[in-house]
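A.B. asks: The following file, model-v4.cif, comprises mmCIF, C-alpha atoms:
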```cif
data_final
#
loop_
_atom_site.label_atom_id
_atom_site.label_comp_id
_atom_site.auth_asym_id
_atom_site.auth_seq_id
_atom_site.Cartn_x
_atom_site.Cartn_y
_atom_site.Cartn_z
CA MET A 121 15.64 13.48 -17.45
CA THR A 122 17.48 14.64 -14.40
CA GLY A 123 19.37 17.90 -14.22
CA PRO A 124 20.65 20.55 -16.58
CA LEU A 125 22.04 20.10 -20.09
CA TYR A 126 25.79 19.60 -20.42
CA GLU A 127 27.83 19.83 -23.60
CA VAL A 128 30.52 17.15 -23.98
CA PHE A 129 33.99 17.54 -25.52
CA VAL A 130 36.38 14.65 -26.10
CA ARG A 131 40.11 14.60 -26.86
CA ALA A 132 40.51 11.64 -29.21
CA LYS A 133 44.22 11.26 -28.47
CA ARG A 134 47.15 13.20 -27.11
CA GLY A 135 48.19 16.03 -29.38
CA LEU A 136 44.64 16.82 -30.54
CA ASN A 137 42.15 19.38 -29.29
CA HIS A 138 39.01 18.46 -27.42
CA VAL A 139 36.15 18.32 -29.92
CA HIS A 140 32.45 18.75 -29.25
CA VAL A 141 30.66 15.39 -29.53
CA GLY A 142 27.16 15.99 -28.16
CA SER A 143 25.28 16.67 -24.99
CA LEU A 144 23.57 14.97 -22.06
CA HIS A 145 21.66 15.72 -18.88
CA ALA A 146 23.09 15.13 -15.42
CA ALA A 147 22.36 16.11 -11.85
CA ASP A 148 25.84 17.52 -11.25
CA ASP A 149 29.25 17.99 -12.86
CA ARG A 150 30.74 14.75 -11.60
CA THR A 151 27.79 12.69 -12.80
CA ALA A 152 27.92 14.49 -16.15
CA LEU A 153 31.50 13.33 -16.55
CA SER A 154 30.69 9.72 -15.75
CA HIS A 155 27.65 9.75 -18.07
CA ALA A 156 29.81 11.26 -20.82
CA ARG A 157 32.25 8.40 -20.43
CA ASP A 158 29.41 5.85 -20.80
CA VAL A 159 27.63 7.56 -23.68
CA TYR A 160 30.48 8.90 -25.79
CA THR A 161 33.56 6.72 -25.17
CA ARG A 162 32.47 3.09 -25.30
CA ARG A 163 35.08 2.28 -27.96
CA ASN A 164 38.26 4.11 -26.99
CA GLU A 165 37.09 7.33 -28.64
CA GLY A 166 38.96 9.46 -26.15
CA VAL A 167 41.70 9.99 -23.61
CA SER A 168 40.15 13.04 -21.92
CA ILE A 169 36.65 14.49 -21.50
CA TRP A 170 35.38 17.98 -20.75
CA VAL A 171 31.79 18.60 -19.73
CA VAL A 172 30.40 22.10 -19.40
CA ARG A 173 26.92 23.26 -18.55
CA ALA A 174 25.25 24.45 -21.74
CA ASP A 175 23.97 27.59 -20.00
CA ALA A 176 27.55 28.59 -19.20
CA ILE A 177 28.47 28.84 -22.90
CA THR A 178 28.36 32.20 -24.64
CA ALA A 179 27.99 31.70 -28.38
CA SER A 180 27.96 34.00 -31.39
CA SER A 181 24.75 34.16 -33.36
CA PRO A 182 24.43 33.37 -37.07
CA ASP A 183 23.11 36.96 -37.48
CA GLU A 184 26.51 38.28 -36.43
CA LYS A 185 28.25 36.46 -39.26
CA GLU A 186 28.86 39.61 -41.30
CA PRO A 187 30.24 41.95 -38.63
CA LEU A 188 32.31 39.16 -37.11
CA PHE A 189 33.73 37.35 -40.10
CA ASP A 190 33.43 39.53 -43.19
CA PRO A 191 36.21 41.95 -42.19
CA ALA A 192 38.73 39.11 -42.61
CA GLY A 193 37.69 38.72 -46.23
CA ASP A 194 39.56 41.70 -47.68
CA LYS A 195 42.74 41.23 -45.68
CA VAL A 196 44.50 39.02 -48.17
CA TYR A 197 47.85 40.42 -46.99
CA ARG A 198 47.45 38.13 -43.95
CA HIS A 199 48.15 35.13 -46.18
CA PRO A 200 51.63 34.14 -47.41
CA THR A 201 50.41 33.85 -51.01
CA PHE A 202 49.85 37.63 -51.10
CA TYR A 203 53.59 38.23 -51.38
CA GLU A 204 55.60 37.90 -54.54
CA VAL A 205 59.13 36.70 -54.02
CA PRO A 206 61.71 35.31 -56.44
CA ASP A 207 61.41 31.57 -57.09
CA ASP A 208 65.10 30.91 -56.61
CA VAL A 209 65.35 32.13 -53.00
CA PRO A 210 65.31 29.03 -50.76
CA HIS A 211 63.18 28.35 -47.68
CA LEU A 212 60.63 31.15 -48.21
CA MET B 189 11.48 35.81 -49.58
CA ASP B 190 13.35 37.60 -46.81
CA GLU B 191 17.07 37.51 -46.18
CA SER B 192 17.10 34.68 -43.60
CA GLU B 193 14.88 32.53 -45.79
CA ARG B 194 17.18 33.15 -48.74
CA GLN B 195 20.20 32.15 -46.67
CA PHE B 196 18.44 28.93 -45.65
CA GLU B 197 17.56 28.08 -49.27
CA ASP B 198 21.12 28.88 -50.41
CA THR B 199 22.62 26.64 -47.74
CA ILE B 200 20.35 23.77 -48.77
CA ALA B 201 21.05 24.36 -52.47
CA ARG B 202 24.81 24.08 -52.05
CA HIS B 203 24.33 20.90 -49.91
CA ASP B 204 25.81 22.66 -46.91
CA ARG B 205 24.57 22.02 -43.37
CA ILE B 206 22.00 23.90 -41.34
CA GLU B 207 23.15 24.40 -37.74
CA PRO B 208 21.06 24.79 -34.58
CA ARG B 209 20.96 28.57 -34.30
CA ASP B 210 20.30 29.22 -38.01
CA TRP B 211 16.91 30.43 -39.12
CA MET B 212 14.82 27.55 -40.52
CA PRO B 213 11.22 27.21 -41.74
CA ASP B 214 8.79 25.87 -39.14
CA GLY B 215 7.99 22.90 -41.35
CA TYR B 216 11.68 21.96 -41.59
CA ARG B 217 12.02 22.12 -37.82
CA ARG B 218 8.82 20.13 -37.25
CA THR B 219 9.79 17.45 -39.77
CA LEU B 220 13.20 17.05 -38.17
CA VAL B 221 11.83 16.88 -34.63
CA ARG B 222 9.35 14.23 -35.69
CA GLN B 223 11.92 12.19 -37.61
CA ILE B 224 14.73 12.42 -35.04
CA ALA B 225 12.40 11.74 -32.11
CA GLN B 226 10.88 8.76 -33.89
CA HIS B 227 14.37 7.52 -34.63
CA ALA B 228 15.45 7.97 -30.98
CA HIS B 229 12.33 6.18 -29.74
CA SER B 230 13.08 3.29 -32.12
CA GLU B 231 16.51 2.86 -30.58
CA VAL B 232 15.05 2.86 -27.09
CA ILE B 233 12.22 0.44 -27.85
CA GLY B 234 14.65 -1.57 -29.98
CA MET B 235 16.41 -2.68 -26.80
CA GLN B 236 13.45 -4.86 -25.84
CA PRO B 237 13.19 -7.61 -28.49
CA GLU B 238 16.84 -8.57 -28.07
CA GLY B 239 17.15 -7.61 -24.43
CA ALA B 240 14.79 -10.45 -23.73
CA TRP B 241 17.56 -12.89 -24.77
CA ILE B 242 20.40 -11.53 -22.62
CA THR B 243 19.77 -13.91 -19.72
CA ARG B 244 19.16 -16.81 -22.09
CA ALA B 245 22.12 -16.37 -24.45
CA PRO B 246 23.81 -19.76 -24.92
CA SER B 247 27.34 -18.75 -23.88
CA LEU B 248 29.19 -16.04 -22.01
CA ARG B 249 30.57 -14.72 -25.31
CA ARG B 250 27.11 -14.41 -26.84
CA ARG B 251 25.84 -12.77 -23.70
CA GLN B 252 28.66 -10.20 -23.66
CA VAL B 253 28.03 -9.37 -27.31
CA LEU B 254 24.29 -8.99 -26.80
CA LEU B 255 24.75 -6.84 -23.73
CA ALA B 256 27.14 -4.55 -25.62
CA LYS B 257 24.73 -4.31 -28.52
CA VAL B 258 21.72 -3.47 -26.36
CA GLN B 259 23.84 -0.89 -24.55
CA ASP B 260 24.69 0.63 -27.94
CA GLU B 261 20.98 0.96 -28.75
CA ALA B 262 20.52 2.95 -25.55
CA GLY B 263 23.49 5.09 -26.55
CA HIS B 264 22.06 5.67 -30.02
CA GLY B 265 18.81 6.84 -28.46
CA LEU B 266 20.79 9.30 -26.35
CA TYR B 267 22.78 10.68 -29.32
CA LEU B 268 19.50 11.27 -31.13
CA TYR B 269 17.67 12.89 -28.21
CA SER B 270 20.71 15.14 -27.90
CA ALA B 271 20.36 16.11 -31.59
CA ALA B 272 16.60 16.68 -31.20
CA GLU B 273 17.18 19.00 -28.25
CA THR B 274 19.23 21.34 -30.44
CA LEU B 275 15.92 22.10 -32.21
CA GLY B 276 14.47 23.54 -29.03
CA VAL B 277 12.44 20.58 -27.78
CA ASP B 278 12.60 19.14 -24.31
CA ARG B 279 13.86 15.62 -23.72
CA ASP B 280 11.33 14.85 -20.99
CA ASP B 281 8.62 15.93 -23.33
CA LEU B 282 9.82 13.56 -26.07
CA GLU B 283 9.95 10.66 -23.62
CA GLN B 284 6.41 11.44 -22.52
CA GLN B 285 5.26 11.45 -26.13
CA LEU B 286 6.82 8.02 -26.65
CA MET B 287 5.12 6.63 -23.56
CA SER B 288 1.74 8.17 -24.38
CA GLY B 289 1.93 6.81 -27.93
CA ALA B 290 1.74 10.33 -29.42
CA GLN B 291 5.03 9.76 -31.25
CA LYS B 292 5.82 6.57 -33.11
CA TYR B 293 8.82 4.26 -33.31
CA SER B 294 9.85 1.82 -36.02
CA SER B 295 7.18 -0.79 -36.79
CA ILE B 296 9.78 -3.57 -36.78
CA PHE B 297 10.06 -3.60 -32.98
CA ASN B 298 6.42 -4.59 -32.65
CA TYR B 299 7.27 -8.10 -33.82
CA PRO B 300 8.13 -10.77 -31.23
CA THR B 301 11.43 -12.62 -30.82
CA PRO B 302 10.38 -16.13 -29.75
CA SER B 303 13.53 -17.83 -31.06
CA TYR B 304 17.21 -17.28 -30.25
CA ALA B 305 17.88 -17.21 -34.01
CA ASP B 306 15.91 -13.94 -34.00
CA VAL B 307 18.88 -12.28 -32.30
CA GLY B 308 20.96 -13.12 -35.37
CA THR B 309 18.22 -12.21 -37.83
CA ILE B 310 17.68 -8.83 -36.19
CA GLY B 311 21.39 -8.09 -36.45
CA TRP B 312 21.59 -9.24 -40.05
CA LEU B 313 18.29 -8.05 -41.58
CA VAL B 314 16.93 -5.40 -39.24
CA ASP B 315 20.24 -3.69 -38.55
CA GLY B 316 21.17 -4.23 -42.20
CA ALA B 317 18.03 -2.36 -43.27
CA ALA B 318 18.72 0.30 -40.65
CA ILE B 319 22.21 0.79 -42.09
CA CYS B 320 20.75 1.24 -45.60
CA ASN B 321 18.49 3.94 -44.20
CA GLN B 322 21.09 5.56 -42.03
CA VAL B 323 24.21 5.77 -44.17
CA PRO B 324 22.66 8.43 -46.46
CA LEU B 325 21.40 10.26 -43.36
CA CYS B 326 25.03 10.98 -42.42
CA ARG B 327 24.76 13.61 -45.19
CA THR B 328 21.40 14.97 -44.08
CA SER B 329 21.10 18.75 -44.18
CA TYR B 330 20.76 19.23 -40.42
CA GLY B 331 24.25 19.18 -38.87
CA PRO B 332 23.58 17.65 -35.42
CA TYR B 333 21.43 14.88 -36.93
CA GLY B 334 24.10 13.99 -39.49
CA ARG B 335 26.82 13.93 -36.85
CA ALA B 336 24.74 11.63 -34.62
CA MET B 337 24.21 9.36 -37.62
CA VAL B 338 27.96 9.13 -38.28
CA ARG B 339 28.53 7.79 -34.77
CA ILE B 340 25.58 5.43 -35.04
CA CYS B 341 26.61 3.99 -38.40
CA LYS B 342 30.09 3.17 -37.11
CA GLU B 343 28.53 1.14 -34.32
CA GLU B 344 25.79 -0.48 -36.40
CA SER B 345 28.34 -2.28 -38.51
CA PHE B 346 29.32 -4.37 -35.45
CA HIS B 347 25.61 -5.08 -34.92
CA GLN B 348 25.11 -6.40 -38.40
CA ARG B 349 28.27 -8.49 -38.44
CA GLN B 350 27.59 -10.12 -35.08
CA GLY B 351 24.12 -11.09 -36.35
CA PHE B 352 25.49 -12.59 -39.54
CA GLU B 353 28.17 -14.47 -37.63
CA LEU B 354 25.57 -15.84 -35.21
CA LEU B 355 23.45 -17.13 -38.09
CA MET B 356 26.50 -18.58 -39.87
CA THR B 357 27.36 -20.47 -36.71
CA MET B 358 23.83 -21.87 -36.45
CA MET B 359 23.81 -22.79 -40.14
CA GLY B 360 26.96 -24.84 -39.49
CA GLY B 361 25.17 -26.69 -36.68
CA THR B 362 22.40 -29.28 -36.64
CA ASP B 363 19.40 -29.58 -38.98
CA GLU B 364 17.27 -28.28 -36.16
CA GLN B 365 19.44 -25.17 -35.83
CA ARG B 366 19.34 -24.56 -39.58
CA ALA B 367 15.56 -24.85 -39.46
CA MET B 368 15.49 -22.30 -36.64
CA VAL B 369 17.41 -19.83 -38.79
CA GLN B 370 15.15 -20.33 -41.81
CA GLU B 371 12.01 -19.98 -39.68
CA SER B 372 13.31 -16.74 -38.20
CA VAL B 373 14.24 -15.32 -41.61
CA ASP B 374 10.77 -16.27 -42.89
CA ARG B 375 9.19 -14.20 -40.13
CA PHE B 376 11.47 -11.16 -40.38
CA TRP B 377 11.96 -10.75 -44.14
CA TRP B 378 8.73 -8.87 -44.91
CA PRO B 379 8.74 -6.72 -41.78
CA ALA B 380 12.35 -5.78 -42.62
CA LEU B 381 11.25 -4.60 -46.08
CA MET B 382 8.52 -2.53 -44.42
CA MET B 383 11.14 -0.66 -42.40
CA PHE B 384 11.74 1.60 -45.41
CA GLY B 385 8.19 2.90 -45.13
CA PRO B 386 5.29 2.83 -47.59
CA PRO B 387 5.85 2.82 -51.37
CA ASP B 388 6.84 6.22 -52.82
CA ALA B 389 3.37 6.69 -54.29
CA ASP B 390 1.89 6.58 -50.76
CA SER B 391 4.58 8.65 -49.10
CA PRO B 392 3.41 12.23 -49.55
CA ASN B 393 6.10 13.83 -47.37
CA THR B 394 9.06 12.29 -49.19
CA ALA B 395 9.35 14.99 -51.87
CA ARG B 396 9.36 17.80 -49.31
CA SER B 397 11.94 16.01 -47.14
CA MET B 398 14.17 15.45 -50.16
CA ALA B 399 13.89 19.06 -51.28
CA TRP B 400 15.06 20.08 -47.81
CA GLY B 401 17.93 17.59 -47.94
CA ILE B 402 16.62 15.78 -44.86
CA LYS B 403 16.19 12.58 -46.85
CA ARG B 404 18.60 11.75 -49.66
CA HIS B 405 16.77 8.78 -51.25
CA THR B 406 13.16 7.65 -51.56
CA ASN B 407 11.74 4.69 -49.64
CA ASP B 408 11.62 2.51 -52.75
CA GLU B 409 15.21 3.34 -53.75
CA LEU B 410 16.45 2.31 -50.32
CA ARG B 411 14.31 -0.83 -50.29
CA GLN B 412 15.76 -1.86 -53.67
CA ARG B 413 19.28 -1.23 -52.42
CA PHE B 414 18.60 -3.41 -49.36
CA VAL B 415 17.25 -6.30 -51.43
CA ASP B 416 20.20 -6.16 -53.83
CA MET B 417 22.61 -6.11 -50.92
CA THR B 418 20.92 -8.93 -49.02
CA VAL B 419 20.43 -11.56 -51.75
CA PRO B 420 24.12 -12.58 -51.99
CA GLN B 421 24.36 -12.58 -48.20
CA ALA B 422 21.40 -14.98 -48.01
CA ASP B 423 23.16 -17.22 -50.55
CA ALA B 424 26.32 -17.21 -48.48
CA LEU B 425 24.30 -18.18 -45.41
CA GLY B 426 22.35 -20.84 -47.25
CA VAL B 427 18.92 -19.50 -46.34
CA THR B 428 15.98 -18.85 -48.66
CA LEU B 429 14.34 -15.44 -48.68
CA PRO B 430 10.59 -16.16 -48.59
CA ASP B 431 9.59 -14.33 -51.76
CA PRO B 432 8.60 -16.39 -54.84
CA GLU B 433 8.87 -13.28 -57.03
CA LEU B 434 12.46 -12.55 -56.05
CA ARG B 435 14.77 -12.82 -59.07
CA TRP B 436 17.59 -10.98 -60.80
CA ASN B 437 16.45 -8.65 -63.57
CA GLU B 438 19.27 -8.37 -66.07
CA GLU B 439 17.68 -5.42 -67.84
CA ARG B 440 17.25 -3.29 -64.74
CA GLY B 441 20.47 -4.47 -63.13
CA HIS B 442 18.48 -5.04 -59.93
CA HIS B 443 16.43 -7.76 -58.27
CA ASP B 444 12.69 -7.83 -58.83
CA PHE B 445 10.80 -8.65 -55.66
CA GLY B 446 7.28 -8.92 -54.28
CA GLN B 447 5.47 -6.26 -52.26
CA PRO B 448 5.06 -6.59 -48.51
CA ASP B 449 1.54 -6.54 -47.09
CA TRP B 450 1.06 -2.78 -46.80
CA ASP B 451 -2.17 -3.18 -44.87
CA GLU B 452 -0.21 -5.02 -42.22
CA LEU B 453 2.23 -2.11 -42.01
CA LYS B 454 -0.66 0.31 -41.54
CA ARG B 455 -2.11 -1.86 -38.78
CA VAL B 456 1.22 -2.18 -36.95
CA VAL B 457 1.97 1.54 -37.24
CA SER B 458 -1.46 2.46 -35.95
CA GLY B 459 -0.90 0.37 -32.82
CA ASP B 460 -2.34 -2.99 -33.74
CA GLY B 461 0.84 -5.05 -34.19
CA PRO B 462 1.69 -8.24 -32.29
CA CYS B 463 3.67 -6.46 -29.54
CA ASN B 464 2.71 -2.75 -29.56
CA ALA B 465 0.94 -2.84 -26.19
CA GLU B 466 3.65 -4.95 -24.58
CA ARG B 467 6.46 -2.66 -25.79
CA LEU B 468 4.87 0.52 -24.48
CA GLU B 469 3.79 -1.14 -21.25
CA HIS B 470 7.36 -2.31 -20.69
CA ARG B 471 8.76 1.17 -21.40
CA ARG B 472 6.35 2.81 -18.97
CA ARG B 473 7.14 0.27 -16.30
CA ALA B 474 10.90 0.71 -16.78
CA HIS B 475 10.42 4.47 -16.52
CA ASP B 476 8.38 4.20 -13.33
CA GLU B 477 10.73 1.69 -11.78
CA GLY B 478 13.64 4.01 -12.53
CA GLU B 479 12.15 6.84 -10.52
CA TRP B 480 14.24 6.05 -7.44
CA VAL B 481 17.42 6.34 -9.57
CA ARG B 482 16.39 9.79 -10.78
CA ALA B 483 15.45 10.84 -7.26
CA ALA B 484 18.80 9.64 -5.92
CA ALA B 485 20.68 11.47 -8.70
CA ARG B 486 18.76 14.67 -7.95
CA ALA B 487 19.50 14.38 -4.24
CA ALA B 488 23.18 13.71 -4.87
CA GLY B 489 23.30 16.61 -7.32
CA GLU B 490 21.80 19.00 -4.79
CA ALA B 491 24.15 17.79 -2.07
CA SER B 492 27.22 18.37 -4.22
CA ARG B 493 26.28 21.95 -5.14
#
```
Could you write out this file's structure as structure tokens?
C.D. replies:
Amino acid sequence: MTGPLYEVFVRAKRGLNHVHVGSLHAADDRTALSHARDVYTRRNEGVSIWVVRADAITASSPDEKEPLFDPAGDKVYRHPTFYEVPDDVPHL
Amino acid sequence: MDESERQFEDTIARHDRIEPRDWMPDGYRRTLVRQIAQHAHSEVIGMQPEGAWITRAPSLRRRQVLLAKVQDEAGHGLYLYSAAETLGVDRDDLEQQLMSGAQKYSSIFNYPTPSYADVGTIGWLVDGAAICNQVPLCRTSYGPYGRAMVRICKEESFHQRQGFELLMTMMGGTDEQRAMVQESVDRFWWPALMMFGPPDADSPNTARSMAWGIKRHTNDELRQRFVDMTVPQADALGVTLPDPELRWNEERGHHDFGQPDWDELKRVVSGDGPCNAERLEHRRRAHDEGEWVRAAARAAGEASR
């Protein structure tokens, strides 16, 4: 295989986010993009592609799950269902 | 059991997915690497039996279809190598292990394709069997593998249908063409049944793989499903499946069928099939002959940095 690992993201259609679809190896950014088009969009799966070198991504670790995500657990007041309002008031 | 091991077991127990950076037992990782690599290699080697017919396809339409299908097989190999790499293995290394024979690929690709009807039979029976195997793998416990399988299954359905259509067309042709189809089905039926692997009693790793959620069904369950699915399709085509023991069993609600020659499967898997040497030789040659492409890509990559 030639070159570093790239992660590939595809926007399926306008109005949607780019979504991670897989990875590939390429010698440079431009080639990565053209490989991504051949490997991941042979059937109109996308209207736009991002490729990014895997070593340029900073990711959270599964070990950090508690400090990162647990604090959100007890903040129920961030959800609309936390609030009691009369049923007969419209558009709330 | 420590905390990370407990988290792994809990994730498996609630049928959730394991993702690349999660802790996982060494055996789970090893099993996945072996299975995904073997699967990727099968896609890559699988280009050869049909690829041989691209220049000899009888019309432009058939040639376009075959070219697209063989290109898909290459793509499937790439999706799977990509999934394997998330387990910390190196893609070059996997390719080397394919070429050295250290890792296996599906036994079915060691059978020859001397007849054009084989293109149809591979699509219908071989890809049909692959779909039976692969659809449950979309729910496998390892996230990247399952996601690769979802993409693959979507594309395989075109493969199977084009094969069936090809055979239907030939069955509507001359007696000679119908005989070609039957002869091809006679050759591929038993090897297709072998694609599900040895009987459950001889498949010691199945229980472990199922406990880990890597496999969702046993070899025999999938083989039965394939036979039940294929019998009405064979009727619609007007071909005979070459098994005198094949019949509907009202009580079981399934077809009874004969056993493939398991010694033959062992021989083919261990390297002694009709085309093993040819397939690996071809792969090595293609790899060597592609060296100038890799060198050019490297040079272009360096120049553009």
A.B. asks: When distances are computed from all atoms listed in the file, which of A:Val141, A:Val159, A:Ala174, A:Leu153 shows the smallest separation from Leu125 (chain A)?
C.D. replies: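 Answer, going by the shortest atom-to-atom distance: A:Ala174.
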A.B. asks: Would you kindly translate the PyMOL selection byres ((chain A) within 9 of (chain B)) into the concrete residues it picks from this file, as an MDAnalysis selection string?
C.D. replies: chainID A and resid 121:123 141:144 146:151 158:160 162 181:183
A.B. asks: Which residues come within 9 Å of region 137-140 of chain A, counting all atoms listed in the file, excluding same-chain residues fewer than 3 positions away, as a list of chain:residue names?
C.D. replies: A:Glu127, A:Val128, A:Phe129, A:Val130, A:Arg131, A:Ala132, A:Lys133, A:Arg134, A:Ser143, A:Ser168, A:Ile169, A:Trp170
A.B. asks: Taking C-alpha atoms for each residue, export the selection above as a PDB file, in the frame of the given file.
C.D. replies:
```
ATOM      1  CA  GLU A 127      27.830  19.830 -23.600  1.00  0.00           C
ATOM      2  CA  VAL A 128      30.520  17.150 -23.980  1.00  0.00           C
ATOM      3  CA  PHE A 129      33.990  17.540 -25.520  1.00  0.00           C
ATOM      4  CA  VAL A 130      36.380  14.650 -26.100  1.00  0.00           C
ATOM      5  CA  ARG A 131      40.110  14.600 -26.860  1.00  0.00           C
ATOM      6  CA  ALA A 132      40.510  11.640 -29.210  1.00  0.00           C
ATOM      7  CA  LYS A 133      44.220  11.260 -28.470  1.00  0.00           C
ATOM      8  CA  ARG A 134      47.150  13.200 -27.110  1.00  0.00           C
ATOM      9  CA  SER A 143      25.280  16.670 -24.990  1.00  0.00           C
ATOM     10  CA  SER A 168      40.150  13.040 -21.920  1.00  0.00           C
ATOM     11  CA  ILE A 169      36.650  14.490 -21.500  1.00  0.00           C
ATOM     12  CA  TRP A 170      35.380  17.980 -20.750  1.00  0.00           C
TER      13      TRP A 170
END
```
A.B. asks: Give as a PyMOL selection string the residues that the PyMOL selection byres ((chain B and resi 371-377) around 12) matches when applied to the coordinates above.
C.D. replies: chain B and resi 295-317+351-352+355+358+364-370+378-383+411+414-415+418-419+422+425-431+445-449
A.B. asks: Around all the atoms of region 163-180 of chain A listed in the file, draw an axis-aligned box and extend it by 8 Å on each of the six sides; I want its centre and edge lengths in Å to one decimal, as JSON.
C.D. replies:
```
{"center_x": 32.8, "center_y": 18.1, "center_z": -25.0, "size_x": 33.7, "size_y": 47.7, "size_z": 28.8}
```
